[in-house]
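Chemist: Dropping the structure in here first, questions after.
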Amino acid sequence: MFFGKKQSNVIKLNQNVCNADLEDNQVLFVKLADAVKSADARFEVPSTHDAIVVKGGGDIRYYPSGNYPVFDSKDEIKNWKSGMSVEITYIPKMARVLVKWGTPNRLRYRDEASNKVITVGAHGEFDLSVIVPLQFFQKVVGASREFDVNAFRKRFAETVATEFVDMFLKIVDDKKLTYDKFSANKKEIANEMGKILTGMFEKDWGLSVLNFKIADFDLHDDDMNAIEDAAAKKQRQDMLKEHLAELERLNDKEWEREKYLRQLELQDKMAYYEVLKVVKDKDLTKKEENICPNCKKECAATDKFCPVCGTRVSKEPIICPDCGKANEPLAKFCANCGKKF
């Protein structure tokens with residue numbers, strides 16, 4: 001703990017009995033308790049600090065740099081002599097605490113490009129400094145007697161880890177980033193997170209977030225391989241659609257279709273065989289369509305007779321009206337009784 005030293009009834013921030021260096025840039029408050037020894041005591045706030053004075057555990061006042069009397073009235077002096085406590089907390093203006101953070105639990109994220117769910121972790125660091133002394137005192141210092149930098153780091157590293165999920169998902173969604181763009185855009189993502197955290201930390205704790213950084217993202221190899229496989233599959237599907245669209249365009253130009261297929265075979269045999277399979281399946285489908293056996297007119301699937309030549313094209317069996325025998329769709333006579341259709 002730090003204590004003030006009485007010099008001509010003036011309490012100064014000039015002594016440290018805990019061997020902590022007052023020049024340490026990571027000490028965010030120094031609390032002096034039982035430092036007032038006389039009714040006319042004054043306290044000095046150096047230009048490097050602000051001060052919060054608490055009298056009787058309830059009267060809280062903020063003081064910028066300067067020299068002030070501890071007591072403002074005879075009633076305060078009387079209360080002090082009766083046992084009223086007086087605490088002076090010095091808060092440095094330029095001190096910063098480096099906090100290293102990481103996500104203990106990985107968040108689940110659906111990659112838009114592949115529609116695959118992956119897990120993402122991250123780690124990095126940031127600095128915290130006091131920007132609103134009174135807010136910081138009320139929300140962070142409170143009844144603490146000494147500043148514990150390790151407890152402070154742990155508290156706010158955990159806070160950032162908790163907030164990371166919502167911030168990350170919002171930023172990635174706004175910027176339409178896929179997993180393979182995370183690392184390349186980590187500085188931009190970190191800047192956006194820093195802005196969000198600064199507003200939140202200032203409002204809740206009187207702190208400012210500085211130099212928020214993401215050192216790296218943590219992605220599982222299995223997740224990345226699954227996404228890569230999905231991306232490769234989608235790419236081949238898109239290429240197949242392009243090849244088939246080109247063949248459809250060349251549908252009535254047989255020589256050009258053959259030339260296109262030969263070039264495709266030389267350039268990409270896998271794509272060539274995939275295209276051939278689709279083309280073959282389409283050809284088989286065409287053969288099974290409702291084609292008039294007489295004039296080769298392509299008829300609708302619901303047509304029973306060709307609209308051009310009148311030939312029966314229905315694939316439904318012909319039921320003999322005399323004996324009830326089911327005959328082939330193109331039969332001209334009943335196979336059972338010989339009735340002419």
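Labels used: A, B, ... for chains in the order of the structure tokens, numbers from 1 for residues in each chain, and numbers from 1 for ligands as shown.
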Write out as a compact mmCIF listing (two decimals) with C-alpha atoms, in the first residue's frame the residues lying within 9 Å of Ala326 in chain A, counting only C-alpha atoms and excluding same-chain residues fewer than 6 positions away.

Modeler:
# COMPACT_ATOMS: atom_id res chain seq x y z
CA PRO A 317 -51.67 -50.10 -72.64
CA ILE A 318 -54.74 -50.46 -74.90
CA ILE A 319 -57.54 -52.26 -73.10
CA CYS A 320 -59.63 -54.38 -75.49
CA CYS A 334 -56.12 -57.39 -79.60
CA ALA A 335 -53.61 -60.14 -78.81

Chemist: Taking only C-alpha atoms into account, produce a table as a Markdown table in which each residue of range 113-208 of chain A with an atom at most 10 Å from an atom of range 58-71 of chain A appears once, together with its shortest atom pair and the distance in Å to one decimal, ordered by chain and rising number.

Modeler:
| residue | atom | partner | partner_atom | distance |
| --- | --- | --- | --- | --- |
| A:Pro133 | CA | A:Tyr62 | CA | 7.9 |
| A:Leu134 | CA | A:Tyr62 | CA | 6.4 |
| A:Phe137 | CA | A:Ile60 | CA | 9.6 |
| A:Gln138 | CA | A:Ile60 | CA | 9.1 |

Chemist: Write the residues you've just listed into a file as a CSV table (one decimal), in the first residue's frame, and include N, CA, C and O atoms for each of them.

Modeler:
chain,number,residue,atom,x,y,z
A,133,PRO,N,-11.9,9.5,-14.5
A,133,PRO,CA,-11.4,9.1,-13.1
A,133,PRO,C,-12.5,8.7,-12.2
A,133,PRO,O,-12.4,7.7,-11.5
A,134,LEU,N,-13.6,9.6,-12.1
A,134,LEU,CA,-14.6,9.3,-11.1
A,134,LEU,C,-15.4,8.0,-11.4
A,134,LEU,O,-15.7,7.2,-10.5
A,137,PHE,N,-13.1,5.1,-10.5
A,137,PHE,CA,-13.1,4.9,-9.1
A,137,PHE,C,-14.3,4.2,-8.6
A,137,PHE,O,-14.2,3.2,-7.8
A,138,GLN,N,-15.5,4.6,-9.0
A,138,GLN,CA,-16.7,4.0,-8.6
A,138,GLN,C,-16.9,2.6,-9.1
A,138,GLN,O,-17.4,1.7,-8.3

Chemist: Run DSSP on the backbone and give me the residues of range 91-327 of chain A it puts in helix (DSSP H, G or I), as an NGL selection string.

Modeler: :A and (133-141 or 149-175 or 179-181 or 183-205 or 221-249 or 254-267 or 269-287)

Chemist: Identify, on the basis of only C-alpha atoms, every residue whose closest approach to Arg155 in chain A does not exceed 12 Å; exclude the query and any residue fewer than 4 positions from it along the same chain; express the result as a list in words.

Modeler: Val99, Lys100, Trp101, Leu128, Val140, Asp148, Val149, Asn150, Ala151, Thr159, Val160, Ala161, Thr162 and Trp205 of chain A

Chemist: Write out as number ranges by chain the residues lying within 12 Å of Tyr272 in chain A, counting only C-alpha atoms and excluding same-chain residues fewer than 2 positions away.

Modeler: A: 236, 239-240, 243-244, 247, 258, 260-270, 274-279

Chemist: Out of A:Arg145, A:Arg108, A:His49, A:His123, which residue has the shortest atom-to-atom distance to Ala33 in chain A when counting only C-alpha atoms?

Modeler: A:Arg145

Chemist: Quick one, how far is CA of Val30 in chain A from CA of Met84 in chain A?

Modeler: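 We find that CA of Val30 in chain A and CA of Met84 in chain A lie 20.3 Å from each other.
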
Chemist: Which is closer to Glu163 in chain A than all the others in A:Leu107, A:Phe147, A:Lys203, A:Ile131, using only C-alpha atoms?

Modeler: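 For Glu163 in chain A, the nearest of the candidates is A:Leu107.
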
Chemist: Which residues, written as an MDAnalysis selection string, have at least one atom at most 10 Å from range 312-316 of chain A, with only C-alpha atoms counted and residues fewer than 3 positions away on the same chain left out?

Modeler: chainID A and resid 290:294 297:307 309 319 326:331

Chemist: Kindly save the residues from that selection, with N, CA, C and O atoms included, as a CSV table (one decimal), in the first residue's frame.

Modeler:
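After the write, selection16.csv holds the following:
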chain,number,residue,atom,x,y,z
A,290,ASN,N,-42.0,-38.6,-75.3
A,290,ASN,CA,-43.2,-39.0,-76.1
A,290,ASN,C,-43.0,-38.6,-77.5
A,290,ASN,O,-43.5,-37.5,-78.0
A,291,ILE,N,-42.2,-39.4,-78.3
A,291,ILE,CA,-41.9,-39.1,-79.7
A,291,ILE,C,-42.8,-40.0,-80.6
A,291,ILE,O,-43.0,-41.2,-80.4
A,292,CYS,N,-43.5,-39.3,-81.6
A,292,CYS,CA,-44.3,-40.0,-82.5
A,292,CYS,C,-43.5,-41.0,-83.3
A,292,CYS,O,-42.5,-40.6,-84.0
A,293,PRO,N,-43.8,-42.3,-83.3
A,293,PRO,CA,-43.1,-43.3,-84.0
A,293,PRO,C,-43.2,-43.2,-85.6
A,293,PRO,O,-42.4,-43.8,-86.3
A,294,ASN,N,-44.2,-42.4,-86.0
A,294,ASN,CA,-44.5,-42.3,-87.4
A,294,ASN,C,-43.8,-41.1,-88.1
A,294,ASN,O,-43.0,-41.2,-88.9
A,297,LYS,N,-42.5,-36.5,-84.5
A,297,LYS,CA,-42.9,-35.3,-83.9
A,297,LYS,C,-42.8,-35.5,-82.3
A,297,LYS,O,-43.2,-36.5,-81.8
A,298,GLU,N,-42.2,-34.5,-81.7
A,298,GLU,CA,-42.1,-34.5,-80.2
A,298,GLU,C,-43.4,-34.1,-79.6
A,298,GLU,O,-43.9,-33.0,-79.8
A,299,CYS,N,-44.1,-35.0,-78.9
A,299,CYS,CA,-45.4,-34.8,-78.4
A,299,CYS,C,-45.3,-34.5,-76.9
A,299,CYS,O,-44.3,-34.9,-76.2
A,300,ALA,N,-46.4,-33.9,-76.4
A,300,ALA,CA,-46.4,-33.7,-74.9
A,300,ALA,C,-46.6,-35.0,-74.2
A,300,ALA,O,-47.2,-36.0,-74.8
A,301,ALA,N,-46.2,-35.1,-73.0
A,301,ALA,CA,-46.3,-36.3,-72.2
A,301,ALA,C,-47.7,-36.8,-72.0
A,301,ALA,O,-48.0,-38.0,-71.9
A,302,THR,N,-48.6,-35.8,-72.1
A,302,THR,CA,-50.1,-36.2,-71.8
A,302,THR,C,-50.8,-36.5,-73.1
A,302,THR,O,-52.0,-36.9,-73.1
A,303,ASP,N,-50.1,-36.3,-74.3
A,303,ASP,CA,-50.8,-36.6,-75.6
A,303,ASP,C,-51.0,-38.1,-75.8
A,303,ASP,O,-50.1,-38.9,-75.5
A,304,LYS,N,-52.2,-38.4,-76.2
A,304,LYS,CA,-52.5,-39.9,-76.6
A,304,LYS,C,-52.3,-40.1,-78.0
A,304,LYS,O,-51.9,-41.2,-78.4
A,305,PHE,N,-52.4,-39.1,-78.9
A,305,PHE,CA,-52.3,-39.2,-80.3
A,305,PHE,C,-51.4,-38.1,-80.8
A,305,PHE,O,-51.4,-37.0,-80.3
A,306,CYS,N,-50.6,-38.3,-81.9
A,306,CYS,CA,-49.8,-37.3,-82.5
A,306,CYS,C,-50.6,-36.2,-83.1
A,306,CYS,O,-51.5,-36.5,-83.9
A,307,PRO,N,-50.4,-34.9,-82.7
A,307,PRO,CA,-51.2,-33.8,-83.3
A,307,PRO,C,-50.9,-33.6,-84.7
A,307,PRO,O,-51.6,-32.8,-85.4
A,309,CYS,N,-49.9,-36.4,-87.2
A,309,CYS,CA,-50.3,-37.4,-88.1
A,309,CYS,C,-51.4,-38.3,-87.5
A,309,CYS,O,-51.9,-39.2,-88.2
A,319,ILE,N,-56.7,-51.3,-73.7
A,319,ILE,CA,-57.5,-52.3,-73.1
A,319,ILE,C,-58.6,-52.6,-74.1
A,319,ILE,O,-59.3,-51.8,-74.6
A,326,ALA,N,-55.2,-56.3,-71.8
A,326,ALA,CA,-54.3,-55.1,-71.8
A,326,ALA,C,-53.3,-55.4,-72.9
A,326,ALA,O,-52.4,-56.3,-72.8
A,327,ASN,N,-53.3,-54.5,-74.0
A,327,ASN,CA,-52.3,-54.7,-75.1
A,327,ASN,C,-51.2,-53.7,-75.1
A,327,ASN,O,-51.4,-52.6,-74.5
A,328,GLU,N,-50.2,-53.9,-75.9
A,328,GLU,CA,-49.1,-53.0,-76.1
A,328,GLU,C,-49.7,-51.6,-76.6
A,328,GLU,O,-50.7,-51.6,-77.3
A,329,PRO,N,-49.0,-50.5,-76.2
A,329,PRO,CA,-49.5,-49.2,-76.6
A,329,PRO,C,-49.7,-49.0,-78.1
A,329,PRO,O,-50.6,-48.2,-78.5
A,330,LEU,N,-48.8,-49.7,-78.9
A,330,LEU,CA,-48.9,-49.5,-80.4
A,330,LEU,C,-49.6,-50.6,-81.1
A,330,LEU,O,-49.6,-50.7,-82.3
A,331,ALA,N,-50.3,-51.5,-80.3
A,331,ALA,CA,-51.0,-52.7,-80.9
A,331,ALA,C,-52.1,-52.2,-81.8
A,331,ALA,O,-52.9,-51.3,-81.5
